[in-house]
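Chemist: So I've got this file, upload_15.cif, and it contains mmCIF, C-alpha atoms and all ligand atoms:
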```cif
data_structure
#
loop_
_atom_site.label_atom_id
_atom_site.label_comp_id
_atom_site.auth_asym_id
_atom_site.auth_seq_id
_atom_site.Cartn_x
_atom_site.Cartn_y
_atom_site.Cartn_z
CA MET A 1 126.69 92.19 134.25
CA ILE A 2 125.04 92.98 130.92
CA PRO A 3 121.35 92.31 131.67
CA TYR A 4 119.07 90.48 129.22
CA GLY A 5 116.72 93.44 129.10
CA ARG A 6 116.31 96.88 130.60
CA GLN A 7 114.28 100.06 130.26
CA ASN A 8 115.32 103.34 128.66
CA ILE A 9 114.25 106.44 130.62
CA SER A 10 114.73 109.88 129.02
CA GLU A 11 114.67 113.36 130.54
CA ALA A 12 111.30 113.85 128.79
CA ASP A 13 109.96 110.77 130.63
CA ILE A 14 111.12 112.20 133.96
CA LEU A 15 109.55 115.58 133.20
CA ALA A 16 106.26 113.94 132.19
CA VAL A 17 106.10 112.06 135.49
CA ALA A 18 107.07 115.16 137.51
CA GLU A 19 104.32 117.11 135.80
CA VAL A 20 101.71 114.64 137.05
CA LEU A 21 103.14 114.84 140.56
CA ARG A 22 102.60 118.61 140.50
CA SER A 23 99.04 118.28 139.14
CA ASP A 24 95.68 117.65 140.84
CA PHE A 25 95.42 114.01 139.79
CA LEU A 26 97.72 111.17 140.74
CA THR A 27 95.27 108.56 139.50
CA GLN A 28 92.21 108.40 137.24
CA GLY A 29 93.02 111.80 135.79
CA PRO A 30 93.70 112.99 132.25
CA ALA A 31 96.99 111.12 131.76
CA ILE A 32 95.26 107.73 131.61
CA GLU A 33 92.94 108.84 128.82
CA ARG A 34 95.83 110.40 126.92
CA PHE A 35 97.89 107.22 127.16
CA GLU A 36 94.96 105.05 126.10
CA LYS A 37 94.30 107.27 123.10
CA THR A 38 97.98 107.31 122.09
CA VAL A 39 98.20 103.52 122.12
CA ALA A 40 94.81 103.02 120.44
CA ASP A 41 95.75 105.46 117.66
CA TYR A 42 99.16 103.84 117.21
CA CYS A 43 97.58 100.41 116.85
CA GLY A 44 94.55 101.51 114.85
CA VAL A 45 92.11 99.95 117.32
CA ARG A 46 88.88 101.45 118.69
CA HIS A 47 89.36 100.95 122.41
CA ALA A 48 92.25 100.74 124.88
CA VAL A 49 91.87 100.09 128.61
CA ALA A 50 94.93 100.75 130.78
CA VAL A 51 95.32 98.55 133.86
CA SER A 52 97.84 97.74 136.58
CA SER A 53 99.57 94.88 134.72
CA ALA A 54 99.25 92.58 131.72
CA THR A 55 98.22 89.87 134.17
CA ALA A 56 95.26 92.03 135.24
CA ALA A 57 94.58 92.77 131.57
CA LEU A 58 94.46 89.05 130.73
CA HIS A 59 92.16 88.41 133.70
CA ILE A 60 89.56 91.03 132.79
CA ALA A 61 89.81 90.25 129.08
CA CYS A 62 88.90 86.64 129.91
CA LEU A 63 86.03 87.75 132.15
CA ALA A 64 84.75 90.19 129.54
CA THR A 65 84.58 87.43 126.92
CA GLY A 66 82.42 85.49 129.38
CA LEU A 67 84.95 82.86 130.49
CA GLY A 68 83.61 81.07 133.57
CA PRO A 69 83.73 77.87 135.62
CA GLU A 70 82.17 75.59 132.99
CA ASP A 71 84.57 76.78 130.30
CA ARG A 72 87.99 75.98 128.92
CA LEU A 73 90.89 78.21 128.01
CA TRP A 74 93.70 77.05 125.75
CA THR A 75 97.10 78.66 125.45
CA VAL A 76 100.68 77.54 124.72
CA PRO A 77 103.18 76.08 127.21
CA ASN A 78 105.98 78.36 125.94
CA THR A 79 104.86 81.47 127.79
CA PHE A 80 104.92 83.21 131.13
CA VAL A 81 102.57 81.58 133.64
CA ALA A 82 100.18 84.57 133.51
CA SER A 83 98.85 83.53 130.07
CA ALA A 84 97.44 80.36 131.64
CA ASN A 85 96.71 81.55 135.19
CA CYS A 86 94.12 84.04 133.91
CA GLY A 87 91.91 81.10 132.96
CA LEU A 88 92.23 79.62 136.45
CA TYR A 89 91.29 83.00 138.00
CA CYS A 90 87.97 82.70 136.15
CA GLY A 91 87.43 79.15 137.43
CA ALA A 92 87.89 77.76 133.92
CA GLN A 93 89.93 74.69 133.01
CA VAL A 94 93.22 75.40 131.28
CA ASP A 95 94.78 73.28 128.57
CA PHE A 96 97.67 73.81 126.17
CA VAL A 97 98.42 73.57 122.47
CA ASP A 98 102.01 72.69 121.55
CA ILE A 99 104.28 75.12 119.74
CA ASP A 100 105.72 75.11 116.26
CA PRO A 101 109.39 74.01 116.41
CA ASN A 102 110.55 76.91 114.21
CA SER A 103 108.53 79.91 115.36
CA TYR A 104 108.22 78.79 119.03
CA THR A 105 104.65 80.16 118.92
CA LEU A 106 101.35 78.32 118.73
CA SER A 107 101.32 75.54 116.13
CA VAL A 108 98.26 76.06 113.96
CA GLU A 109 98.54 72.41 112.89
CA ALA A 110 98.49 71.24 116.51
CA LEU A 111 95.53 73.52 117.22
CA ARG A 112 93.60 72.23 114.20
CA ARG A 113 94.24 68.62 115.22
CA LYS A 114 93.35 69.19 118.86
CA LEU A 115 90.10 70.99 117.97
CA ALA A 116 89.09 68.15 115.64
CA GLU A 117 89.90 65.50 118.27
CA THR A 118 88.12 67.29 121.13
CA PRO A 119 84.39 66.67 121.69
CA PRO A 120 82.34 69.89 121.24
CA LYS A 121 81.63 70.30 124.96
CA LYS A 122 85.33 70.26 125.80
CA ARG A 123 86.45 72.74 123.17
CA PRO A 124 87.80 76.10 124.34
CA LYS A 125 85.76 79.23 124.88
CA VAL A 126 88.93 81.32 124.76
CA LEU A 127 92.26 80.80 123.00
CA ILE A 128 95.30 82.87 124.03
CA PRO A 129 97.99 82.79 121.35
CA VAL A 130 101.25 84.35 122.56
CA HIS A 131 103.39 86.49 120.26
CA PHE A 132 106.55 84.98 121.70
CA SER A 133 109.67 87.19 121.55
CA GLY A 134 107.67 89.89 119.75
CA GLN A 135 106.78 88.03 116.56
CA SER A 136 103.09 87.66 115.80
CA CYS A 137 101.46 84.25 115.56
CA ASP A 138 99.72 83.21 112.34
CA MET A 139 96.62 85.22 113.21
CA LYS A 140 94.74 84.69 109.93
CA ALA A 141 94.79 80.92 110.38
CA ILE A 142 93.90 81.26 114.05
CA ARG A 143 90.97 83.55 113.20
CA ALA A 144 89.68 81.08 110.61
CA LEU A 145 89.66 78.32 113.25
CA SER A 146 88.03 80.60 115.84
CA GLN A 147 85.23 81.32 113.39
CA ALA A 148 84.82 77.65 112.46
CA TYR A 149 84.70 76.51 116.09
CA GLY A 150 83.24 79.58 117.79
CA PHE A 151 85.87 80.51 120.38
CA SER A 152 87.19 83.96 121.31
CA VAL A 153 90.80 84.95 120.68
CA ILE A 154 92.77 87.08 123.14
CA GLU A 155 96.26 87.84 121.85
CA ASP A 156 98.93 87.85 124.54
CA ALA A 157 100.97 90.60 122.89
CA ALA A 158 103.03 91.35 126.03
CA HIS A 159 106.19 90.97 123.90
CA ALA A 160 104.89 92.58 120.74
CA VAL A 161 104.15 96.26 121.43
CA GLY A 162 105.32 98.03 118.27
CA GLY A 163 105.45 94.87 116.15
CA ALA A 164 103.42 94.38 112.98
CA TYR A 165 101.53 91.57 111.29
CA ASP A 166 100.24 91.50 107.73
CA GLY A 167 101.36 95.11 107.31
CA GLN A 168 99.40 96.46 110.30
CA PRO A 169 100.38 97.09 113.92
CA VAL A 170 99.99 94.26 116.41
CA GLY A 171 97.10 95.26 118.66
CA ASP A 172 94.76 96.33 115.85
CA CYS A 173 92.65 93.26 116.73
CA ARG A 174 91.72 92.59 113.10
CA PHE A 175 91.95 88.85 113.77
CA SER A 176 91.08 88.73 117.47
CA ASP A 177 88.54 89.83 120.06
CA ALA A 178 91.17 91.53 122.20
CA ALA A 179 94.91 91.96 122.59
CA VAL A 180 96.93 92.51 125.75
CA PHE A 181 100.12 94.55 126.21
CA SER A 182 102.57 94.58 129.13
CA PHE A 183 104.51 97.64 130.27
CA HIS A 184 106.87 95.88 132.67
CA PRO A 185 110.39 97.43 132.51
CA VAL A 186 111.92 94.56 130.50
CA LYS A 187 109.24 94.84 127.83
CA ILE A 188 109.34 97.28 124.89
CA VAL A 189 107.64 100.29 126.53
CA THR A 190 107.36 100.70 130.30
CA THR A 191 105.11 102.27 132.91
CA GLY A 192 106.97 100.63 135.82
CA GLU A 193 104.17 98.10 136.14
CA GLY A 194 101.24 98.22 133.78
CA GLY A 195 99.19 96.61 131.09
CA MET A 196 96.47 97.31 128.57
CA VAL A 197 93.59 95.58 126.83
CA LEU A 198 92.82 96.60 123.25
CA THR A 199 89.60 95.73 121.47
CA ASN A 200 87.34 96.80 118.62
CA ARG A 201 84.27 95.37 120.36
CA ASP A 202 82.12 97.99 122.12
CA ASP A 203 80.49 95.33 124.35
CA LEU A 204 83.87 94.12 125.62
CA TYR A 205 85.06 97.68 126.18
CA GLU A 206 82.12 98.49 128.43
CA ARG A 207 82.73 95.44 130.58
CA LEU A 208 86.49 95.98 130.73
CA ILE A 209 86.01 99.51 132.08
CA ARG A 210 83.71 98.15 134.77
CA LEU A 211 85.84 95.15 135.67
CA ARG A 212 88.99 97.22 136.23
CA SER A 213 87.14 99.28 138.86
CA HIS A 214 85.11 97.05 141.21
CA GLY A 215 82.28 96.30 138.77
CA ILE A 216 80.96 99.80 139.34
CA THR A 217 79.08 101.80 136.71
CA ARG A 218 78.18 105.49 136.68
CA ASN A 219 76.21 105.12 133.46
CA PRO A 220 72.49 105.64 134.35
CA GLY A 221 71.60 103.52 131.32
CA HIS A 222 73.00 100.51 133.18
CA PHE A 223 71.46 101.19 136.62
CA ARG A 224 69.06 98.63 137.97
CA ASN A 225 67.53 101.09 140.46
CA PRO A 226 66.41 104.69 139.91
CA ASP A 227 69.20 107.25 139.63
CA ALA A 228 69.27 108.70 143.18
CA GLY A 229 71.38 111.77 142.38
CA PRO A 230 74.72 113.05 141.13
CA TRP A 231 76.68 110.97 143.71
CA TYR A 232 75.01 107.75 142.71
CA TYR A 233 76.73 104.69 141.24
CA GLU A 234 75.92 101.03 141.19
CA GLN A 235 78.03 97.92 141.50
CA ILE A 236 76.40 95.58 139.01
CA GLU A 237 79.00 92.80 138.88
CA LEU A 238 82.08 91.67 140.79
CA GLY A 239 85.05 93.66 139.54
CA TYR A 240 88.56 94.38 140.78
CA HIS A 241 90.86 97.25 141.54
CA TYR A 242 93.14 96.99 138.53
CA ARG A 243 93.57 100.69 137.72
CA MET A 244 96.79 102.28 136.49
CA THR A 245 97.91 105.58 138.08
CA ASP A 246 98.32 108.82 136.16
CA ILE A 247 101.98 108.77 137.18
CA GLN A 248 102.44 105.50 135.29
CA ALA A 249 100.32 106.59 132.34
CA ALA A 250 102.39 109.78 131.90
CA LEU A 251 105.54 107.68 131.72
CA GLY A 252 103.91 105.33 129.21
CA ASN A 253 102.66 108.16 127.05
CA SER A 254 106.10 109.78 126.99
CA GLN A 255 107.70 106.41 126.13
CA MET A 256 105.29 105.90 123.22
CA ALA A 257 106.93 108.86 121.46
CA ARG A 258 110.07 106.71 121.18
CA LEU A 259 108.37 103.41 120.33
CA ASP A 260 109.39 103.46 116.66
CA ALA A 261 112.98 104.26 117.64
CA PHE A 262 112.92 101.41 120.19
CA ILE A 263 111.69 98.95 117.56
CA ARG A 264 114.17 100.13 114.94
CA ARG A 265 117.14 99.76 117.29
CA ARG A 266 116.04 96.36 118.57
CA GLY A 267 115.68 95.24 114.96
CA GLU A 268 119.18 96.49 114.08
CA LEU A 269 120.67 94.67 117.06
CA ALA A 270 118.80 91.47 116.11
CA ASP A 271 120.13 91.72 112.54
CA ARG A 272 123.60 92.22 113.96
CA TYR A 273 123.27 89.15 116.20
CA ASP A 274 122.13 87.16 113.16
CA ALA A 275 125.31 88.14 111.31
CA LEU A 276 127.66 87.68 114.28
CA LEU A 277 126.28 84.24 115.15
CA ALA A 278 126.17 82.91 111.58
CA ASP A 279 129.17 80.59 112.02
CA LEU A 280 128.37 79.34 115.51
CA PRO A 281 126.59 76.01 116.10
CA VAL A 282 123.40 77.70 117.25
CA ILE A 283 119.95 78.09 115.73
CA ARG A 284 119.06 81.74 115.25
CA PRO A 285 115.48 83.05 115.51
CA TRP A 286 113.17 82.12 112.64
CA ARG A 287 111.59 85.11 110.91
CA SER A 288 107.99 85.07 109.80
CA PRO A 289 107.48 86.54 106.32
CA ASP A 290 104.15 87.99 107.56
CA ALA A 291 105.39 89.71 110.71
CA LEU A 292 107.74 92.44 111.84
CA SER A 293 108.99 91.40 115.26
CA ALA A 294 109.16 93.90 118.11
CA TRP A 295 112.23 91.90 119.25
CA HIS A 296 111.43 91.73 122.94
CA LEU A 297 113.70 88.67 123.11
CA TYR A 298 116.54 87.30 121.01
CA VAL A 299 116.49 83.56 121.66
CA ILE A 300 119.00 81.05 120.31
CA ARG A 301 118.92 77.28 120.56
CA LEU A 302 122.06 75.22 120.94
CA GLY A 303 122.55 73.09 117.84
CA ASP A 304 123.08 69.33 118.00
CA ALA A 305 126.81 69.85 117.42
CA VAL A 306 127.19 71.57 120.81
CA GLY A 307 128.68 68.98 123.14
CA LYS A 308 128.09 70.97 126.32
CA SER A 309 124.83 71.09 128.20
CA ARG A 310 122.63 74.18 128.07
CA ARG A 311 123.25 74.57 131.77
CA ARG A 312 127.05 74.66 131.31
CA VAL A 313 126.82 77.20 128.48
CA PHE A 314 124.41 79.31 130.53
CA GLU A 315 126.59 79.22 133.65
CA ASP A 316 129.75 80.01 131.68
CA MET A 317 128.06 83.05 130.18
CA ARG A 318 126.80 84.27 133.54
CA ALA A 319 130.34 83.81 134.90
CA ALA A 320 131.56 85.99 132.01
CA GLY A 321 129.20 88.76 133.10
CA ILE A 322 126.50 88.16 130.50
CA GLY A 323 122.97 88.20 131.93
CA VAL A 324 121.54 85.45 129.76
CA ASN A 325 118.11 84.09 130.62
CA VAL A 326 115.75 81.29 129.59
CA HIS A 327 112.24 81.84 128.19
CA TYR A 328 110.22 79.81 129.06
CA ILE A 329 110.04 76.86 131.40
CA PRO A 330 106.97 75.16 129.85
CA VAL A 331 104.01 76.17 132.02
CA HIS A 332 102.57 72.64 132.15
CA THR A 333 105.74 71.42 133.90
CA GLN A 334 105.31 73.84 136.82
CA PRO A 335 104.43 72.01 140.07
CA TYR A 336 101.11 73.85 140.32
CA TYR A 337 100.13 72.55 136.87
CA TYR A 338 101.46 69.08 137.72
CA ASP A 339 98.90 69.05 140.50
CA LEU A 340 96.24 69.88 137.91
CA GLY A 341 97.16 66.70 136.03
CA PHE A 342 99.76 67.78 133.45
CA ARG A 343 102.87 65.66 132.99
CA PRO A 344 106.31 66.07 131.39
CA GLY A 345 105.99 64.75 127.85
CA ASP A 346 102.53 66.23 127.31
CA PHE A 347 103.84 68.95 124.95
CA PRO A 348 107.07 67.60 123.45
CA GLN A 349 107.85 70.52 121.11
CA ALA A 350 107.75 73.09 123.93
CA GLU A 351 109.88 70.81 126.10
CA ALA A 352 112.44 70.12 123.35
CA TYR A 353 112.68 73.83 122.61
CA TYR A 354 113.12 74.70 126.29
CA ALA A 355 115.93 72.18 126.78
CA ARG A 356 118.24 74.01 124.34
CA ALA A 357 117.09 77.66 124.50
CA ILE A 358 119.07 80.65 125.77
CA THR A 359 117.95 84.30 125.66
CA LEU A 360 120.75 86.75 124.83
CA PRO A 361 120.75 90.37 126.05
CA LEU A 362 118.71 92.70 123.84
CA TYR A 363 117.51 96.16 124.70
CA TYR A 364 117.48 99.68 123.28
CA ASP A 365 120.67 100.87 125.02
CA LEU A 366 122.75 97.76 124.36
CA SER A 367 125.89 99.02 122.63
CA GLU A 368 127.63 97.24 119.79
CA THR A 369 130.68 96.85 122.01
CA GLU A 370 128.55 95.12 124.61
CA GLN A 371 126.93 92.99 121.95
CA ASP A 372 130.39 91.94 120.73
CA ARG A 373 131.22 90.95 124.31
CA VAL A 374 128.09 88.78 124.42
CA VAL A 375 129.11 87.03 121.20
CA ARG A 376 132.70 86.52 122.42
CA ALA A 377 131.42 85.02 125.67
CA LEU A 378 129.05 82.75 123.77
CA THR A 379 131.82 81.63 121.42
CA GLY A 380 133.98 80.76 124.43
CA ALA A 381 131.15 79.03 126.26
CA LEU A 382 130.32 76.83 123.27
CA ARG A 383 133.88 75.51 123.01
C1 LIG A 401 105.39 89.78 130.98
C2 LIG A 401 104.33 88.88 130.47
C3 LIG A 401 103.04 88.82 131.01
C4 LIG A 401 102.67 89.52 132.27
O1 LIG A 401 102.94 90.85 132.26
P1 LIG A 401 102.81 91.73 133.61
O2 LIG A 401 102.63 93.11 133.08
O3 LIG A 401 104.08 91.53 134.35
O4 LIG A 401 101.62 91.24 134.36
C5 LIG A 401 102.10 88.04 130.39
N1 LIG A 401 102.40 87.30 129.31
C6 LIG A 401 103.63 87.30 128.77
C7 LIG A 401 103.89 86.48 127.55
C8 LIG A 401 104.64 88.07 129.35
O5 LIG A 401 105.88 88.04 128.85
#
```
Show this structure as C-alpha cells.
Modeler:
Amino acid sequence: MIPYGRQNISEADILAVAEVLRSDFLTQGPAIERFEKTVADYCGVRHAVAVSSATAALHIACLATGLGPEDRLWTVPNTFVASANCGLYCGAQVDFVDIDPNSYTLSVEALRRKLAETPPKKRPKVLIPVHFSGQSCDMKAIRALSQAYGFSVIEDAAHAVGGAYDGQPVGDCRFSDAAVFSFHPVKIVTTGEGGMVLTNRDDLYERLIRLRSHGITRNPGHFRNPDAGPWYYEQIELGYHYRMTDIQAALGNSQMARLDAFIRRRGELADRYDALLADLPVIRPWRSPDALSAWHLYVIRLGDAVGKSRRRVFEDMRAAGIGVNVHYIPVHTQPYYYDLGFRPGDFPQAEAYYARAITLPLYYDLSETEQDRVVRALTGALR
C-alpha cells in the first residue's frame, strides 16, 4: 500500500537522537532550546515554545490569550477536531465559520457576514483559521477583521510548516497573535509526537512557558511570596505537563535542516499531479497567488461528470493498493458536536466539499513511479 503520507528519517536524524540518549538530559535539556531557536529563526518570529503535540499547543495558546468559560472560539469545520476541541478544553463555546469553496480554508466573506450578524457579546474572543493542506489563509483580511472586532487570531499551521504567505514564512505571526505547528509523522517535519506555539508577544510567551509546565514559575519577579531560597518555585496558575523531550527535539532540529528540501520536493510532486490529472474529471487544488503551500496534502474533488460515488472511487483505489484518505469530516457533524447543538446543513460549503474530496498520497519519498501508479489507479477508479 502506498500511504497518503509518511516521514523521512535520515542517518543524521538517527545520530542526533542517539547523541541525546548518550547525554545527561533526556528532557528539558539543551536540545529543546536549540530546536525552538531553529524554528523561530526559520520563521522570523520572536518566540517558539515546544510542546508535546499541536493539540497541547492549541490548548495553551487559547489559555494564554485569556480564553475562558464566558468566551467564544470560532474555527472552520474543515479541520481536524483538535482545532475546535481546544476551545472546549478552556470551557469556551465553539462555533464555526464556513469555508471558501475554492481554497477549502476559512471564507473571509462568511466571517465578515457572521461577525456583522452576531451581537457584540456573542462575538469570538479567539479565531483559529486553519491553513488547510499547507496553504495559508487570507491572513491580511483576517487581521483587519480581528482589529475591527477585537478578537485574537491563533493560526492552526499544523499543515503549513515551511510554507510562505505574502513572501514571508508561515509562523512569522505578522498577522496573528500566535501560530501552532504539528510535528506528527504525517506532517512536514516530525518529532514523533510534538507541537509548537510561535508568537511575537512577550506576554503570551511568558504564560505559554508556564502553562506547558504545571503553571510553575522560577522567576522571582513573579513570586507572590518571598523567595525562600535556590530551590524555591511557585505555582501561580493551573498549568499542564505538555513538555517535549530532548529526544524528540533533537529529531526535530535535525529534520529542520531538510525542511527546504522537503518543501521543494512536495511542491514538485504537486506540480506533477497537476499535470498528470489535467484531463481527468477531477478538480485540482486551487493555488493562492499570495501563498506558497507546504503541500501537506494533495486533495482532489470529484467533478460533476464522475458518475461513481466518492465511496466507490475511494474503495477501488484502496483495493488497488493506494492509501487514499479523506480530509476532513466536517467537525460540526461529529456526534460530540451534534450533542452540542450543531446539525448537518449548518455549514453547507464544508459539507459539499467533504462529499467529493479525496486525498492522494504525497510525501517526500514518494517516487514518480509510485505517483504514476496512483494516477493509473485513479483513472481506472473514475471509469
Ligand atoms: C494534525 C493536526 C492537529 C493536531 O496535531 P497533533 O500534533 O497530532 O496534536 C491540529 N490541527 C490540524 C489542522 C492538524 O492537521
Chemist: Report, in Å to a single decimal, how far apart CA of Ala179 (chain A) and CA of Arg46 (chain A) are.
Modeler: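 It comes out at 11.9 Å.
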Chemist: Can you tell me, as a ChimeraX atom specification, what residues are no more than 8 Å from Ala294 (chain A) when counting only C-alpha atoms, ignoring any on the same chain fewer than 5 positions away?
Modeler: /A:133-135,159-164,188,263,266-267
Chemist: Show me, as a list in words, the residues that have an atom within 10 Å of Ser107 (chain A) when counting only C-alpha atoms, minus same-chain residues fewer than 3 positions from it.
Modeler: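 The contact residues come out as Val76, Val97, Asp98, Ile99, Asp100, Pro101, Asn102, Ser103, Tyr104, Ala110, Leu111, Arg112, Arg113, Pro129, Cys137, Asp138, Ile142 and Gln349 of chain A.
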Chemist: Show me a table, sorted first by chain and then by increasing residue number, of the residues of chain A having an atom at most 10 Å from ligand LIG 401 (chain A), each with its shortest atom pair and the distance in Å to one decimal, counting all atoms listed in the file and written as JSON lines.
Modeler:
```
{"residue": "A:Val51", "atom": "CA", "partner": "A:LIG401", "partner_atom": "O2", "distance": 9.1}
{"residue": "A:Ser52", "atom": "CA", "partner": "A:LIG401", "partner_atom": "O2", "distance": 7.5}
{"residue": "A:Ser53", "atom": "CA", "partner": "A:LIG401", "partner_atom": "O2", "distance": 3.9}
{"residue": "A:Ala54", "atom": "CA", "partner": "A:LIG401", "partner_atom": "O2", "distance": 3.7}
{"residue": "A:Thr55", "atom": "CA", "partner": "A:LIG401", "partner_atom": "O4", "distance": 3.7}
{"residue": "A:Ala56", "atom": "CA", "partner": "A:LIG401", "partner_atom": "O4", "distance": 6.5}
{"residue": "A:Ala57", "atom": "CA", "partner": "A:LIG401", "partner_atom": "O4", "distance": 7.7}
{"residue": "A:Leu58", "atom": "CA", "partner": "A:LIG401", "partner_atom": "C5", "distance": 7.7}
{"residue": "A:His59", "atom": "CA", "partner": "A:LIG401", "partner_atom": "O4", "distance": 9.9}
{"residue": "A:Val76", "atom": "CA", "partner": "A:LIG401", "partner_atom": "C7", "distance": 9.9}
{"residue": "A:Asn78", "atom": "CA", "partner": "A:LIG401", "partner_atom": "C7", "distance": 8.5}
{"residue": "A:Thr79", "atom": "CA", "partner": "A:LIG401", "partner_atom": "C7", "distance": 5.1}
{"residue": "A:Phe80", "atom": "CA", "partner": "A:LIG401", "partner_atom": "C6", "distance": 4.9}
{"residue": "A:Val81", "atom": "CA", "partner": "A:LIG401", "partner_atom": "N1", "distance": 7.2}
{"residue": "A:Ala82", "atom": "CA", "partner": "A:LIG401", "partner_atom": "C5", "distance": 5.0}
{"residue": "A:Ser83", "atom": "CA", "partner": "A:LIG401", "partner_atom": "N1", "distance": 5.2}
{"residue": "A:Ala84", "atom": "CA", "partner": "A:LIG401", "partner_atom": "N1", "distance": 8.8}
{"residue": "A:Asn85", "atom": "CA", "partner": "A:LIG401", "partner_atom": "C5", "distance": 9.7}
{"residue": "A:Cys86", "atom": "CA", "partner": "A:LIG401", "partner_atom": "C5", "distance": 9.6}
{"residue": "A:Ile128", "atom": "CA", "partner": "A:LIG401", "partner_atom": "N1", "distance": 9.9}
{"residue": "A:Pro129", "atom": "CA", "partner": "A:LIG401", "partner_atom": "C7", "distance": 9.3}
{"residue": "A:Val130", "atom": "CA", "partner": "A:LIG401", "partner_atom": "C7", "distance": 6.0}
{"residue": "A:His131", "atom": "CA", "partner": "A:LIG401", "partner_atom": "C7", "distance": 7.3}
{"residue": "A:Phe132", "atom": "CA", "partner": "A:LIG401", "partner_atom": "C7", "distance": 6.6}
{"residue": "A:Ser133", "atom": "CA", "partner": "A:LIG401", "partner_atom": "O5", "distance": 8.3}
{"residue": "A:Gly134", "atom": "CA", "partner": "A:LIG401", "partner_atom": "C7", "distance": 9.3}
{"residue": "A:Glu155", "atom": "CA", "partner": "A:LIG401", "partner_atom": "C7", "distance": 9.6}
{"residue": "A:Asp156", "atom": "CA", "partner": "A:LIG401", "partner_atom": "N1", "distance": 5.9}
{"residue": "A:Ala157", "atom": "CA", "partner": "A:LIG401", "partner_atom": "C7", "distance": 6.9}
{"residue": "A:Ala158", "atom": "CA", "partner": "A:LIG401", "partner_atom": "C6", "distance": 4.9}
{"residue": "A:His159", "atom": "CA", "partner": "A:LIG401", "partner_atom": "O5", "distance": 5.8}
{"residue": "A:Ala160", "atom": "CA", "partner": "A:LIG401", "partner_atom": "C7", "distance": 9.2}
{"residue": "A:Val180", "atom": "CA", "partner": "A:LIG401", "partner_atom": "C5", "distance": 8.3}
{"residue": "A:Phe181", "atom": "CA", "partner": "A:LIG401", "partner_atom": "O2", "distance": 7.5}
{"residue": "A:Ser182", "atom": "CA", "partner": "A:LIG401", "partner_atom": "O2", "distance": 4.2}
{"residue": "A:Phe183", "atom": "CA", "partner": "A:LIG401", "partner_atom": "O2", "distance": 5.7}
{"residue": "A:His184", "atom": "CA", "partner": "A:LIG401", "partner_atom": "O2", "distance": 5.1}
{"residue": "A:Pro185", "atom": "CA", "partner": "A:LIG401", "partner_atom": "O3", "distance": 8.8}
{"residue": "A:Val186", "atom": "CA", "partner": "A:LIG401", "partner_atom": "C1", "distance": 8.1}
{"residue": "A:Lys187", "atom": "CA", "partner": "A:LIG401", "partner_atom": "C1", "distance": 7.1}
{"residue": "A:Thr190", "atom": "CA", "partner": "A:LIG401", "partner_atom": "O2", "distance": 9.4}
{"residue": "A:Thr191", "atom": "CA", "partner": "A:LIG401", "partner_atom": "O2", "distance": 9.5}
{"residue": "A:Gly192", "atom": "CA", "partner": "A:LIG401", "partner_atom": "O2", "distance": 9.1}
{"residue": "A:Glu193", "atom": "CA", "partner": "A:LIG401", "partner_atom": "O2", "distance": 6.1}
{"residue": "A:Gly194", "atom": "CA", "partner": "A:LIG401", "partner_atom": "O2", "distance": 5.3}
{"residue": "A:Gly195", "atom": "CA", "partner": "A:LIG401", "partner_atom": "O2", "distance": 5.3}
{"residue": "A:Met196", "atom": "CA", "partner": "A:LIG401", "partner_atom": "O2", "distance": 8.7}
{"residue": "A:His296", "atom": "CA", "partner": "A:LIG401", "partner_atom": "O5", "distance": 8.9}
{"residue": "A:Leu297", "atom": "CA", "partner": "A:LIG401", "partner_atom": "O5", "distance": 9.7}
{"residue": "A:His327", "atom": "CA", "partner": "A:LIG401", "partner_atom": "O5", "distance": 8.9}
{"residue": "A:Tyr328", "atom": "CA", "partner": "A:LIG401", "partner_atom": "O5", "distance": 9.3}
```
Chemist: I need the residues from that last selection saved to file as a tab-separated table (two decimals), keeping the file's coordinate frame (with C-alpha atoms), if you can.
Modeler:
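For reference, result-v7.tsv as written:
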```tsv
chain	number	residue	atom	x	y	z
A	51	VAL	CA	95.32	98.55	133.86
A	52	SER	CA	97.84	97.74	136.58
A	53	SER	CA	99.57	94.88	134.72
A	54	ALA	CA	99.25	92.58	131.72
A	55	THR	CA	98.22	89.87	134.17
A	56	ALA	CA	95.26	92.03	135.24
A	57	ALA	CA	94.58	92.77	131.57
A	58	LEU	CA	94.46	89.05	130.73
A	59	HIS	CA	92.16	88.41	133.70
A	76	VAL	CA	100.68	77.54	124.72
A	78	ASN	CA	105.98	78.36	125.94
A	79	THR	CA	104.86	81.47	127.79
A	80	PHE	CA	104.92	83.21	131.13
A	81	VAL	CA	102.57	81.58	133.64
A	82	ALA	CA	100.18	84.57	133.51
A	83	SER	CA	98.85	83.53	130.07
A	84	ALA	CA	97.44	80.36	131.64
A	85	ASN	CA	96.71	81.55	135.19
A	86	CYS	CA	94.12	84.04	133.91
A	128	ILE	CA	95.30	82.87	124.03
A	129	PRO	CA	97.99	82.79	121.35
A	130	VAL	CA	101.25	84.35	122.56
A	131	HIS	CA	103.39	86.49	120.26
A	132	PHE	CA	106.55	84.98	121.70
A	133	SER	CA	109.67	87.19	121.55
A	134	GLY	CA	107.67	89.89	119.75
A	155	GLU	CA	96.26	87.84	121.85
A	156	ASP	CA	98.93	87.85	124.54
A	157	ALA	CA	100.97	90.60	122.89
A	158	ALA	CA	103.03	91.35	126.03
A	159	HIS	CA	106.19	90.97	123.90
A	160	ALA	CA	104.89	92.58	120.74
A	180	VAL	CA	96.93	92.51	125.75
A	181	PHE	CA	100.12	94.55	126.21
A	182	SER	CA	102.57	94.58	129.13
A	183	PHE	CA	104.51	97.64	130.27
A	184	HIS	CA	106.87	95.88	132.67
A	185	PRO	CA	110.39	97.43	132.51
A	186	VAL	CA	111.92	94.56	130.50
A	187	LYS	CA	109.24	94.84	127.83
A	190	THR	CA	107.36	100.70	130.30
A	191	THR	CA	105.11	102.27	132.91
A	192	GLY	CA	106.97	100.63	135.82
A	193	GLU	CA	104.17	98.10	136.14
A	194	GLY	CA	101.24	98.22	133.78
A	195	GLY	CA	99.19	96.61	131.09
A	196	MET	CA	96.47	97.31	128.57
A	296	HIS	CA	111.43	91.73	122.94
A	297	LEU	CA	113.70	88.67	123.11
A	327	HIS	CA	112.24	81.84	128.19
A	328	TYR	CA	110.22	79.81	129.06
```
Chemist: Show which residues sit within 7 Å of Ser254 (chain A), as a list of chain:residue names. Count all atoms listed in the file, and ignore same-chain residues fewer than 5 positions away.
Modeler: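 Skipping anything fewer than 5 positions along the chain leaves A:Ala12, A:Asp13, A:Ala16.
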Chemist: Could you write out the selected residues, including C-alpha atoms, as a compact mmCIF listing (two decimals), keeping the file's coordinate frame?
Modeler:
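Output file part-v7.txt follows:
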```txt
# COMPACT_ATOMS: atom_id res chain seq x y z
CA ALA A 12 111.30 113.85 128.79
CA ASP A 13 109.96 110.77 130.63
CA ALA A 16 106.26 113.94 132.19
```
